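What follows is the content of model-v2.tsv (TSV, C-alpha atoms and all ligand atoms).
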chain	number	residue	atom	x	y	z
A	1	SER	CA	18.99	24.40	-6.96
A	2	LYS	CA	18.16	21.22	-8.91
A	3	TRP	CA	21.48	19.60	-7.88
A	4	MET	CA	20.80	20.28	-4.21
A	5	ASP	CA	17.34	18.71	-4.56
A	6	LEU	CA	18.74	15.58	-6.17
A	7	ARG	CA	21.42	15.26	-3.47
A	8	ILE	CA	18.78	15.58	-0.72
A	9	ARG	CA	16.58	12.94	-2.38
A	10	PHE	CA	19.60	10.67	-2.81
A	11	ARG	CA	20.33	11.00	0.93
A	12	HIS	CA	16.67	10.09	1.63
A	13	ILE	CA	17.09	6.90	-0.41
A	14	LEU	CA	20.38	6.04	1.31
A	15	PHE	CA	18.78	6.61	4.73
A	16	ALA	CA	15.76	4.46	3.81
A	17	ILE	CA	17.89	1.62	2.40
A	18	ILE	CA	20.32	1.58	5.35
A	19	GLY	CA	17.34	1.70	7.73
A	20	LEU	CA	15.70	-1.24	5.93
A	21	ILE	CA	18.90	-3.34	5.99
A	22	VAL	CA	19.35	-2.73	9.74
A	23	LEU	CA	15.67	-3.53	10.40
A	24	VAL	CA	15.77	-6.76	8.37
A	25	ALA	CA	18.99	-7.83	10.14
A	26	VAL	CA	17.55	-7.12	13.61
A	27	ALA	CA	14.26	-8.82	12.71
A	28	THR	CA	15.99	-11.93	11.36
A	29	ALA	CA	18.22	-12.20	14.46
A	30	GLY	CA	15.19	-11.56	16.70
A	31	PHE	CA	13.07	-14.30	15.09
A	32	MET	CA	16.05	-16.75	15.23
A	33	ALA	CA	16.38	-16.13	18.98
A	34	LEU	CA	12.71	-15.82	20.00
A	35	GLU	CA	11.19	-18.39	17.64
A	36	ASN	CA	14.15	-20.78	17.49
A	37	LEU	CA	14.15	-20.58	13.68
A	38	LYS	CA	17.16	-21.25	11.44
A	39	PHE	CA	18.61	-18.22	9.63
A	40	PHE	CA	16.77	-18.66	6.31
A	41	ASP	CA	13.37	-19.30	7.89
A	42	ALA	CA	13.73	-16.20	10.12
A	43	PHE	CA	14.75	-14.12	7.08
A	44	TYR	CA	11.84	-15.57	5.06
A	45	LEU	CA	9.38	-14.76	7.89
A	46	THR	CA	10.82	-11.22	8.07
A	47	ILE	CA	10.46	-10.43	4.36
A	48	ILE	CA	7.06	-12.12	3.97
A	49	SER	CA	5.84	-10.08	6.99
A	50	LEU	CA	7.40	-6.70	6.05
A	51	MET	CA	6.02	-6.93	2.51
A	52	THR	CA	2.61	-7.69	4.15
A	53	VAL	CA	2.21	-10.90	2.14
A	54	GLY	CA	1.78	-13.02	5.26
A	55	TYR	CA	1.43	-16.47	3.62
A	56	GLY	CA	0.96	-18.04	7.04
A	57	ASP	CA	3.32	-20.96	6.34
A	58	ILE	CA	5.81	-19.62	8.92
A	59	VAL	CA	4.35	-17.43	11.69
A	60	PRO	CA	5.58	-16.34	15.12
A	61	GLU	CA	4.31	-18.90	17.62
A	62	THR	CA	5.61	-17.75	21.00
A	63	GLU	CA	4.07	-14.66	22.62
A	64	ALA	CA	7.57	-13.08	22.66
A	65	GLY	CA	7.88	-13.66	18.91
A	66	GLN	CA	4.38	-12.31	18.31
A	67	LYS	CA	5.12	-9.17	20.35
A	68	PHE	CA	8.34	-8.75	18.37
A	69	ALA	CA	6.36	-9.08	15.11
A	70	LEU	CA	3.85	-6.43	16.27
A	71	LEU	CA	6.71	-4.00	16.85
A	72	LEU	CA	8.56	-4.92	13.69
A	73	ILE	CA	5.71	-4.88	11.16
A	74	PRO	CA	4.50	-1.25	11.53
A	75	LEU	CA	8.11	0.00	11.59
A	76	GLY	CA	9.11	-2.16	8.63
A	77	VAL	CA	6.07	-1.26	6.53
A	78	ALA	CA	6.78	2.44	7.21
A	79	PHE	CA	10.37	1.98	6.03
A	80	VAL	CA	9.39	0.01	2.92
A	81	THR	CA	6.78	2.68	2.02
A	82	TYR	CA	9.32	5.45	2.67
A	83	ALA	CA	12.08	3.73	0.66
A	84	MET	CA	9.78	3.12	-2.34
A	85	GLY	CA	8.48	6.70	-2.14
A	86	ALA	CA	12.03	8.08	-1.97
A	87	VAL	CA	13.19	6.02	-4.97
A	88	ALA	CA	10.09	6.99	-6.97
A	89	SER	CA	10.42	10.72	-6.21
A	90	TYR	CA	14.16	10.56	-7.02
A	91	PHE	CA	13.39	9.17	-10.48
A	92	ILE	CA	10.63	11.74	-11.07
A	93	GLU	CA	12.85	14.62	-9.87
A	94	HIS	CA	15.74	13.33	-12.01
A	95	GLN	CA	13.52	13.02	-15.06
A	96	LEU	CA	12.15	16.52	-14.55
A	97	SER	CA	15.67	18.03	-14.25
A	98	VAL	CA	16.79	16.17	-17.40
A	99	LYS	CA	13.66	17.48	-19.18
A	100	VAL	CA	14.39	21.07	-18.13
A	101	TRP	CA	18.01	20.54	-19.24
A	102	ASN	CA	16.92	19.41	-22.69
A	103	LYS	CA	14.55	22.30	-23.26
B	104	SER	CA	4.88	21.90	-22.29
B	105	LYS	CA	1.72	20.03	-21.24
B	106	TRP	CA	1.99	17.70	-24.25
B	107	MET	CA	5.57	16.80	-23.37
B	108	ASP	CA	4.51	16.03	-19.79
B	109	LEU	CA	1.70	13.75	-20.93
B	110	ARG	CA	4.04	11.93	-23.31
B	111	ILE	CA	6.57	11.41	-20.52
B	112	ARG	CA	3.90	10.09	-18.16
B	113	PHE	CA	2.59	7.81	-20.91
B	114	ARG	CA	6.11	6.40	-21.35
B	115	HIS	CA	6.25	5.82	-17.56
B	116	ILE	CA	3.04	3.80	-17.75
B	117	LEU	CA	4.28	1.81	-20.76
B	118	PHE	CA	7.58	1.08	-18.96
B	119	ALA	CA	5.73	0.01	-15.80
B	120	ILE	CA	3.27	-2.24	-17.68
B	121	ILE	CA	5.95	-3.89	-19.81
B	122	GLY	CA	8.09	-4.36	-16.69
B	123	LEU	CA	5.15	-5.98	-14.88
B	124	ILE	CA	4.37	-8.34	-17.78
B	125	VAL	CA	8.02	-9.47	-17.99
B	126	LEU	CA	8.18	-9.92	-14.20
B	127	VAL	CA	4.95	-11.95	-14.07
B	128	ALA	CA	6.15	-14.13	-16.97
B	129	VAL	CA	9.56	-14.77	-15.33
B	130	ALA	CA	7.93	-15.41	-11.95
B	131	THR	CA	5.40	-17.87	-13.39
B	132	ALA	CA	8.12	-19.76	-15.29
B	133	GLY	CA	10.33	-19.71	-12.18
B	134	PHE	CA	7.65	-21.16	-9.90
B	135	MET	CA	6.78	-23.83	-12.52
B	136	ALA	CA	10.43	-24.93	-12.60
B	137	LEU	CA	11.39	-24.56	-8.93
B	138	GLU	CA	8.11	-25.62	-7.29
B	139	ASN	CA	7.00	-28.11	-9.94
B	140	LEU	CA	3.67	-26.31	-10.33
B	141	LYS	CA	1.42	-26.38	-13.39
B	142	PHE	CA	1.12	-23.12	-15.34
B	143	PHE	CA	-2.07	-21.81	-13.77
B	144	ASP	CA	-1.00	-22.56	-10.18
B	145	ALA	CA	2.36	-20.82	-10.74
B	146	PHE	CA	0.55	-17.82	-12.25
B	147	TYR	CA	-1.96	-17.79	-9.37
B	148	LEU	CA	0.88	-17.92	-6.81
B	149	THR	CA	2.62	-15.06	-8.64
B	150	ILE	CA	-0.39	-12.71	-8.70
B	151	ILE	CA	-1.55	-13.56	-5.16
B	152	SER	CA	2.03	-12.85	-3.96
B	153	LEU	CA	2.68	-9.66	-6.00
B	154	MET	CA	-0.63	-8.14	-4.93
B	155	THR	CA	0.44	-9.02	-1.31
B	156	VAL	CA	-2.79	-10.96	-0.69
B	157	GLY	CA	-0.92	-14.12	0.29
B	158	TYR	CA	-3.89	-16.44	0.91
B	159	GLY	CA	-1.50	-19.22	1.86
B	160	ASP	CA	-3.33	-21.89	-0.17
B	161	ILE	CA	-0.39	-22.19	-2.58
B	162	VAL	CA	3.01	-21.20	-1.16
B	163	PRO	CA	6.61	-21.87	-2.25
B	164	GLU	CA	7.70	-25.04	-0.43
B	165	THR	CA	11.29	-25.64	-1.59
B	166	GLU	CA	14.07	-23.38	-0.32
B	167	ALA	CA	14.87	-22.49	-3.95
B	168	GLY	CA	11.25	-21.46	-4.52
B	169	GLN	CA	11.20	-19.48	-1.27
B	170	LYS	CA	14.44	-17.66	-2.22
B	171	PHE	CA	12.91	-16.90	-5.62
B	172	ALA	CA	9.78	-15.52	-3.89
B	173	LEU	CA	11.91	-13.28	-1.64
B	174	LEU	CA	13.56	-11.78	-4.73
B	175	LEU	CA	10.37	-11.53	-6.72
B	176	ILE	CA	8.05	-9.99	-4.12
B	177	PRO	CA	9.91	-6.72	-3.33
B	178	LEU	CA	10.60	-6.18	-7.05
B	179	GLY	CA	7.03	-6.98	-8.04
B	180	VAL	CA	5.47	-4.82	-5.31
B	181	ALA	CA	7.69	-1.92	-6.41
B	182	PHE	CA	6.52	-2.36	-10.02
B	183	VAL	CA	2.84	-2.63	-9.06
B	184	THR	CA	3.14	0.51	-6.89
B	185	TYR	CA	4.98	2.32	-9.67
B	186	ALA	CA	2.50	1.24	-12.36
B	187	MET	CA	-0.52	2.31	-10.28
B	188	GLY	CA	1.18	5.62	-9.39
B	189	ALA	CA	2.02	6.25	-13.05
B	190	VAL	CA	-1.54	5.56	-14.21
B	191	ALA	CA	-2.99	7.73	-11.42
B	192	SER	CA	-0.67	10.68	-12.12
B	193	TYR	CA	-1.37	10.34	-15.86
B	194	PHE	CA	-5.10	10.72	-15.21
B	195	ILE	CA	-4.57	13.65	-12.83
B	196	GLU	CA	-2.17	15.38	-15.26
B	197	HIS	CA	-4.58	14.74	-18.13
B	198	GLN	CA	-7.51	16.11	-16.16
B	199	LEU	CA	-5.53	19.21	-15.16
B	200	SER	CA	-4.53	19.90	-18.78
B	201	VAL	CA	-8.14	19.47	-19.91
B	202	LYS	CA	-9.21	21.85	-17.12
B	203	VAL	CA	-6.68	24.48	-18.17
B	204	TRP	CA	-7.83	24.02	-21.77
B	205	ASN	CA	-11.43	24.66	-20.82
B	206	LYS	CA	-10.73	27.83	-18.85
C	207	SER	CA	-10.44	28.34	-9.35
C	208	LYS	CA	-10.37	26.68	-5.91
C	209	TRP	CA	-14.08	25.84	-6.12
C	210	MET	CA	-13.60	24.17	-9.47
C	211	ASP	CA	-10.74	22.12	-8.03
C	212	LEU	CA	-12.84	20.95	-5.10
C	213	ARG	CA	-15.71	20.03	-7.41
C	214	ILE	CA	-13.36	18.01	-9.62
C	215	ARG	CA	-11.85	16.19	-6.62
C	216	PHE	CA	-15.35	15.52	-5.29
C	217	ARG	CA	-16.29	13.94	-8.65
C	218	HIS	CA	-13.12	11.79	-8.40
C	219	ILE	CA	-14.25	10.53	-4.99
C	220	LEU	CA	-17.79	9.86	-6.23
C	221	PHE	CA	-16.41	7.97	-9.24
C	222	ALA	CA	-14.07	5.91	-7.02
C	223	ILE	CA	-16.79	5.08	-4.48
C	224	ILE	CA	-19.38	4.14	-7.12
C	225	GLY	CA	-16.72	2.05	-8.89
C	226	LEU	CA	-15.87	0.28	-5.65
C	227	ILE	CA	-19.53	-0.47	-4.83
C	228	VAL	CA	-20.12	-1.92	-8.31
C	229	LEU	CA	-16.90	-3.97	-8.10
C	230	VAL	CA	-17.75	-5.36	-4.64
C	231	ALA	CA	-21.28	-6.24	-5.81
C	232	VAL	CA	-20.00	-8.00	-8.96
C	233	ALA	CA	-17.28	-9.80	-6.97
C	234	THR	CA	-19.71	-10.99	-4.29
C	235	ALA	CA	-22.17	-12.26	-6.91
C	236	GLY	CA	-19.30	-13.88	-8.84
C	237	PHE	CA	-17.95	-15.75	-5.80
C	238	MET	CA	-21.49	-16.87	-4.84
C	239	ALA	CA	-21.95	-18.36	-8.33
C	240	LEU	CA	-18.48	-19.75	-9.01
C	241	GLU	CA	-17.54	-20.90	-5.49
C	242	ASN	CA	-21.03	-21.83	-4.33
C	243	LEU	CA	-20.66	-19.58	-1.28
C	244	LYS	CA	-23.52	-18.00	0.69
C	245	PHE	CA	-23.85	-14.20	0.40
C	246	PHE	CA	-21.95	-13.24	3.55
C	247	ASP	CA	-19.01	-15.60	2.88
C	248	ALA	CA	-18.67	-14.31	-0.71
C	249	PHE	CA	-18.78	-10.71	0.59
C	250	TYR	CA	-16.23	-11.55	3.31
C	251	LEU	CA	-13.90	-13.19	0.74
C	252	THR	CA	-14.28	-10.12	-1.49
C	253	ILE	CA	-13.38	-7.54	1.18
C	254	ILE	CA	-10.59	-9.65	2.74
C	255	SER	CA	-9.12	-10.07	-0.79
C	256	LEU	CA	-9.55	-6.44	-1.99
C	257	MET	CA	-7.98	-5.06	1.19
C	258	THR	CA	-5.10	-7.55	0.54
C	259	VAL	CA	-5.46	-9.07	4.02
C	260	GLY	CA	-5.90	-12.59	2.64
C	261	TYR	CA	-6.44	-14.49	5.93
C	262	GLY	CA	-6.73	-17.74	4.00
C	263	ASP	CA	-9.76	-18.95	5.97
C	264	ILE	CA	-12.00	-18.61	2.88
C	265	VAL	CA	-10.21	-18.85	-0.49
C	266	PRO	CA	-11.39	-19.51	-4.05
C	267	GLU	CA	-11.12	-23.27	-4.58
C	268	THR	CA	-12.33	-23.85	-8.16
C	269	GLU	CA	-10.15	-22.78	-11.07
C	270	ALA	CA	-13.01	-20.56	-12.28
C	271	GLY	CA	-13.16	-18.85	-8.88
C	272	GLN	CA	-9.37	-18.47	-8.80
C	273	LYS	CA	-9.36	-16.91	-12.29
C	274	PHE	CA	-12.13	-14.57	-11.16
C	275	ALA	CA	-10.04	-13.60	-8.10
C	276	LEU	CA	-6.98	-12.90	-10.30
C	277	LEU	CA	-9.07	-10.49	-12.36
C	278	LEU	CA	-10.82	-8.93	-9.40
C	279	ILE	CA	-7.87	-8.33	-7.08
C	280	PRO	CA	-5.71	-6.04	-9.28
C	281	LEU	CA	-8.78	-4.06	-10.35
C	282	GLY	CA	-10.09	-3.82	-6.79
C	283	VAL	CA	-6.74	-2.85	-5.28
C	284	ALA	CA	-6.42	-0.11	-7.93
C	285	PHE	CA	-9.88	1.22	-7.03
C	286	VAL	CA	-9.22	1.09	-3.28
C	287	THR	CA	-5.89	2.93	-3.77
C	288	TYR	CA	-7.58	5.47	-6.04
C	289	ALA	CA	-10.52	6.02	-3.68
C	290	MET	CA	-8.25	6.54	-0.65
C	291	GLY	CA	-5.97	8.86	-2.66
C	292	ALA	CA	-8.99	10.85	-3.89
C	293	VAL	CA	-10.41	11.24	-0.38
C	294	ALA	CA	-6.99	12.21	1.04
C	295	SER	CA	-6.29	14.78	-1.69
C	296	TYR	CA	-9.83	16.20	-1.25
C	297	PHE	CA	-9.17	16.80	2.45
C	298	ILE	CA	-5.74	18.33	1.76
C	299	GLU	CA	-7.16	20.58	-1.01
C	300	HIS	CA	-10.08	21.55	1.21
C	301	GLN	CA	-7.77	22.37	4.12
C	302	LEU	CA	-5.51	24.43	1.85
C	303	SER	CA	-8.46	26.43	0.50
C	304	VAL	CA	-9.75	27.01	4.04
C	305	LYS	CA	-6.24	28.13	5.08
C	306	VAL	CA	-6.03	30.59	2.17
C	307	TRP	CA	-9.51	31.84	3.09
C	308	ASN	CA	-8.43	32.48	6.68
C	309	LYS	CA	-5.26	34.42	5.80
D	310	SER	CA	3.67	30.85	6.10
D	311	LYS	CA	6.06	27.93	6.51
D	312	TRP	CA	5.40	27.76	10.27
D	313	MET	CA	1.65	27.63	9.68
D	314	ASP	CA	2.15	24.78	7.22
D	315	LEU	CA	4.24	22.80	9.69
D	316	ARG	CA	1.70	23.34	12.46
D	317	ILE	CA	-1.13	22.15	10.19
D	318	ARG	CA	0.83	19.05	9.18
D	319	PHE	CA	1.67	18.39	12.83
D	320	ARG	CA	-2.06	18.55	13.67
D	321	HIS	CA	-2.71	16.05	10.81
D	322	ILE	CA	-0.21	13.63	12.37
D	323	LEU	CA	-1.69	14.08	15.84
D	324	PHE	CA	-5.21	13.48	14.46
D	325	ALA	CA	-4.06	10.36	12.58
D	326	ILE	CA	-2.20	8.93	15.59
D	327	ILE	CA	-5.04	9.60	18.04
D	328	GLY	CA	-7.49	8.11	15.50
D	329	LEU	CA	-5.34	5.01	15.15
D	330	ILE	CA	-5.00	4.52	18.93
D	331	VAL	CA	-8.79	4.81	19.39
D	332	LEU	CA	-9.42	2.42	16.49
D	333	VAL	CA	-6.94	-0.18	17.79
D	334	ALA	CA	-8.44	0.06	21.29
D	335	VAL	CA	-12.01	-0.35	20.00
D	336	ALA	CA	-10.95	-3.20	17.69
D	337	THR	CA	-9.13	-5.06	20.46
D	338	ALA	CA	-12.08	-4.70	22.83
D	339	GLY	CA	-14.45	-5.74	20.03
D	340	PHE	CA	-12.52	-8.91	19.18
D	341	MET	CA	-12.22	-9.81	22.89
D	342	ALA	CA	-16.01	-9.57	23.25
D	343	LEU	CA	-17.15	-11.00	19.91
D	344	GLU	CA	-14.48	-13.68	19.43
D	345	ASN	CA	-13.91	-14.50	23.10
D	346	LEU	CA	-10.16	-13.86	22.71
D	347	LYS	CA	-7.78	-12.87	25.50
D	348	PHE	CA	-6.39	-9.30	25.35
D	349	PHE	CA	-3.10	-10.09	23.61
D	350	ASP	CA	-4.66	-12.35	20.95
D	351	ALA	CA	-7.31	-9.70	20.15
D	352	PHE	CA	-4.59	-7.02	19.92
D	353	TYR	CA	-2.45	-9.33	17.73
D	354	LEU	CA	-5.41	-10.03	15.41
D	355	THR	CA	-6.09	-6.27	15.22
D	356	ILE	CA	-2.55	-5.27	14.25
D	357	ILE	CA	-1.99	-8.22	11.87
D	358	SER	CA	-5.31	-7.29	10.17
D	359	LEU	CA	-4.83	-3.48	10.05
D	360	MET	CA	-1.32	-3.85	8.61
D	361	THR	CA	-2.92	-6.21	6.00
D	362	VAL	CA	-0.46	-9.02	6.83
D	363	GLY	CA	-3.24	-11.50	7.61
D	364	TYR	CA	-1.13	-14.51	8.65
D	365	GLY	CA	-4.28	-16.53	9.17
D	366	ASP	CA	-3.11	-18.03	12.50
D	367	ILE	CA	-5.81	-16.06	14.39
D	368	VAL	CA	-8.89	-15.09	12.36
D	369	PRO	CA	-12.42	-13.99	13.31
D	370	GLU	CA	-14.54	-17.14	13.45
D	371	THR	CA	-18.02	-15.95	14.42
D	372	GLU	CA	-20.13	-14.07	11.88
D	373	ALA	CA	-20.31	-11.14	14.35
D	374	GLY	CA	-16.50	-11.06	14.55
D	375	GLN	CA	-16.18	-11.32	10.77
D	376	LYS	CA	-18.67	-8.44	10.27
D	377	PHE	CA	-16.70	-6.41	12.81
D	378	ALA	CA	-13.46	-7.18	10.89
D	379	LEU	CA	-15.05	-6.06	7.60
D	380	LEU	CA	-15.93	-2.71	9.20
D	381	LEU	CA	-12.61	-2.34	10.98
D	382	ILE	CA	-10.20	-3.23	8.18
D	383	PRO	CA	-11.12	-0.58	5.58
D	384	LEU	CA	-11.29	2.11	8.29
D	385	GLY	CA	-8.01	0.99	9.84
D	386	VAL	CA	-6.15	0.72	6.54
D	387	ALA	CA	-7.35	4.24	5.67
D	388	PHE	CA	-6.04	5.56	9.00
D	389	VAL	CA	-2.68	3.74	8.69
D	390	THR	CA	-2.25	5.10	5.13
D	391	TYR	CA	-3.23	8.59	6.29
D	392	ALA	CA	-0.92	8.50	9.33
D	393	MET	CA	2.07	7.33	7.27
D	394	GLY	CA	1.32	9.92	4.57
D	395	ALA	CA	1.03	12.68	7.20
D	396	VAL	CA	4.32	11.72	8.87
D	397	ALA	CA	6.09	11.46	5.48
D	398	SER	CA	4.78	14.84	4.24
D	399	TYR	CA	5.71	16.44	7.60
D	400	PHE	CA	9.32	15.27	7.18
D	401	ILE	CA	9.43	16.44	3.55
D	402	GLU	CA	7.86	19.83	4.43
D	403	HIS	CA	10.24	20.21	7.38
D	404	GLN	CA	13.25	19.34	5.26
D	405	LEU	CA	12.16	21.82	2.56
D	406	SER	CA	11.74	24.63	5.13
D	407	VAL	CA	15.19	23.84	6.61
D	408	LYS	CA	16.64	23.88	3.08
D	409	VAL	CA	15.07	27.26	2.30
D	410	TRP	CA	16.34	28.55	5.67
D	411	ASN	CA	19.90	27.45	4.85
D	412	LYS	CA	20.00	29.08	1.43
A	501	K	K	-1.65	-10.25	3.15
A	502	K	K	-2.13	-13.18	4.06
Final C-alpha cells representation of the file:
Amino acid sequence: SKWMDLRIRFRHILFAIIGLIVLVAVATAGFMALENLKFFDAFYLTIISLMTVGYGDIVPETEAGQKFALLLIPLGVAFVTYAMGAVASYFIEHQLSVKVWNK
Amino acid sequence: SKWMDLRIRFRHILFAIIGLIVLVAVATAGFMALENLKFFDAFYLTIISLMTVGYGDIVPETEAGQKFALLLIPLGVAFVTYAMGAVASYFIEHQLSVKVWNK
Amino acid sequence: SKWMDLRIRFRHILFAIIGLIVLVAVATAGFMALENLKFFDAFYLTIISLMTVGYGDIVPETEAGQKFALLLIPLGVAFVTYAMGAVASYFIEHQLSVKVWNK
Amino acid sequence: SKWMDLRIRFRHILFAIIGLIVLVAVATAGFMALENLKFFDAFYLTIISLMTVGYGDIVPETEAGQKFALLLIPLGVAFVTYAMGAVASYFIEHQLSVKVWNK
C-alpha cells in the first residue's frame, strides 16, 4: 500500500541520516586524533571532504590521516548520495500519493 | 493525467530554480559580510563551492565564514542535485508523453 | 515498442556526447583566449573543472576567465550528468529488452 | 522473475566493483611510473581524483601524468557513479522483493 511505501522510504531516510551523523562524528574524532587538529578544523575537513569540495586549505598530512581519509571519503560520499536519493524519492513518492488522493 | 504530471514536474523545476537563486544570493551576501570579499569574489566562491569544484584559490578564512560554508554547501549541493534531477525528469517525461502522442 | 525506446535513448546519448564535445571545445578555446593558456593547459583546466575535481594547480586568474568558468561549470556539469545518465539508462534498457527476449 | 532481477543486479555490482578495482590498480601503477610517485602517494592521488575531491596536495605534474589523469578521471567517475547506482538499485530491488514476499 501507499502508506507502507512511505513508511519504508521514511526508514531509509532515517537510516541514511543516522549513518551520516555517526560517520561525521567518527571522521571528526579520527582527524582530531590522527592529524592533531582542533575540533572545528577536523569537522571542517570532514564536511569539505565528504561533500567532495576539497578546497585544499586543510588536508590530511600524516600517512595515517591520509589512509583514514581514503577509507572515509568513499563511504561518506556513498552515504551522502544515498541520503539525498532517499529524501528526493520520499518527496516524489509523497507527492504522487497526494496527487492520487486528490484525483 | 500526462498534463498534470508535466505541470507538477514544471513546478518542481520552478521551486528548485527559485530555491537556488535565493541560496546563491544569501551565500554571496554572507561571504561578502563574513569574509570581507567584494561582490564578484563572494559570488565566485559561492558557485565554485556549490558546484563542488573547490579550486582553493578563494576559500573562507574566518571561522564564521567557514561555519557559513559548512551550512551552505550541503544545502546548495542538495538544491543543485534536485534542480538537475527535476529538469532531467521533466525532459524524459515530456519526451515520453510526446512518444505516446505520436503512436 | 522496445526498439523505439532504444532508438530514443541512443539519440539522447548522441545529443549528450555531441553537446559535451562542443562545450569542451568552446571552453578550451575560451580559456586559451581569456587566460592566455596554451592548448593543453586550457583543455586540462576544462576537464578538471567539468569533472568537478578542481585540483587548483591551474585556475582562471582574470575576472573574464573566472566569469567564463562560472558559466561553463554549471552547464558542463549538467551535460556530464546527463550524458552519464543517458548511457546508464541505455544499458539498463538494453539489458531489460535482452532479458525479455530471452524469457 | 524477481530472482532473475536480483541476479542481474548482483552481476551489475560485481562488474562495477571489478571494473573499479582494475581501474584503481592501473591508475596507481600509471601515476607511479609517469609521476615517479611512491605506491601510497599514487594510490592517494588516484582515490582523491576519482572521488572528485581534488585536494590539490598531490597533483600530476608532468604532461604525461596530466594526460593520464584526463583519461582516468572521466572513466573512473563513470565507474564510481555506476557502482553506487548498482548497489543502491540492488538494495531497493531487494527491499521491494522482501516487501512483496511479506504481503
Ligand atoms: K572538488
Ligand atoms: K578541489
Chain A contacts to chain B at 7 Å (only C-alpha atoms) as a PyMOL selection string | chain A and resi 47+52-57+84
Would you mind listing what lies within 10 Å of Phe43 in chain A as a list of chain:residue names, with only C-alpha atoms counted and same-chain residues fewer than 2 positions away left out?
-> A:Val24, A:Ala25, A:Val26, A:Ala27, A:Thr28, A:Ala29, A:Gly30, A:Phe31, A:Met32, A:Leu37, A:Lys38, A:Phe39, A:Phe40, A:Asp41, A:Leu45, A:Thr46, A:Ile47, A:Ile48, A:Ser49, B:Lys170, B:Leu173
Please dump the current selection as an mmCIF file, keeping the file's coordinate frame; keep C-alpha atoms.
data_model
loop_
_atom_site.group_PDB
_atom_site.id
_atom_site.type_symbol
_atom_site.label_atom_id
_atom_site.label_comp_id
_atom_site.auth_asym_id
_atom_site.auth_seq_id
_atom_site.Cartn_x
_atom_site.Cartn_y
_atom_site.Cartn_z
ATOM 1 C CA VAL A 24 15.770 -6.760 8.370
ATOM 2 C CA ALA A 25 18.990 -7.830 10.140
ATOM 3 C CA VAL A 26 17.550 -7.120 13.610
ATOM 4 C CA ALA A 27 14.260 -8.820 12.710
ATOM 5 C CA THR A 28 15.990 -11.930 11.360
ATOM 6 C CA ALA A 29 18.220 -12.200 14.460
ATOM 7 C CA GLY A 30 15.190 -11.560 16.700
ATOM 8 C CA PHE A 31 13.070 -14.300 15.090
ATOM 9 C CA MET A 32 16.050 -16.750 15.230
ATOM 10 C CA LEU A 37 14.150 -20.580 13.680
ATOM 11 C CA LYS A 38 17.160 -21.250 11.440
ATOM 12 C CA PHE A 39 18.610 -18.220 9.630
ATOM 13 C CA PHE A 40 16.770 -18.660 6.310
ATOM 14 C CA ASP A 41 13.370 -19.300 7.890
ATOM 15 C CA LEU A 45 9.380 -14.760 7.890
ATOM 16 C CA THR A 46 10.820 -11.220 8.070
ATOM 17 C CA ILE A 47 10.460 -10.430 4.360
ATOM 18 C CA ILE A 48 7.060 -12.120 3.970
ATOM 19 C CA SER A 49 5.840 -10.080 6.990
ATOM 20 C CA LYS B 170 14.440 -17.660 -2.220
ATOM 21 C CA LEU B 173 11.910 -13.280 -1.640
#
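Going from CA of Ile120 in chain B to CA of Arg7 in chain A covers 28.9 Å.
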Which polymer residues have any atom within 8 Å of an atom of Leu137 in chain B, counting all atoms listed in the file, with same-chain residues fewer than 4 positions away left out, as a ChimeraX atom specification?
-> /B:133,165,167-168
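Note that CA of Leu175 in chain B and CA of Ile116 in chain B are 20.3 Å apart.
Contact shell of Phe324 in chain D at 9 Å (only C-alpha atoms; same-chain neighbours under 5 positions omitted): Phe319, Leu329 and Ala392 of chain D.
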How many Å lie between CA of Ala189 in chain B and CA of Ile18 in chain A, rounded to one decimal?
-> 26.4 Å
For range 47-56 of chain A, take all atoms listed in the file, fit an axis-aligned box around them, add 3 Å to each of the six sides, then output centre and edge lengths in Å rounded to one decimal, as lines of an AutoDock Vina configuration file.
center_x = 5.7
center_y = -12.4
center_z = 4.6
size_x = 15.5
size_y = 17.3
size_z = 10.9
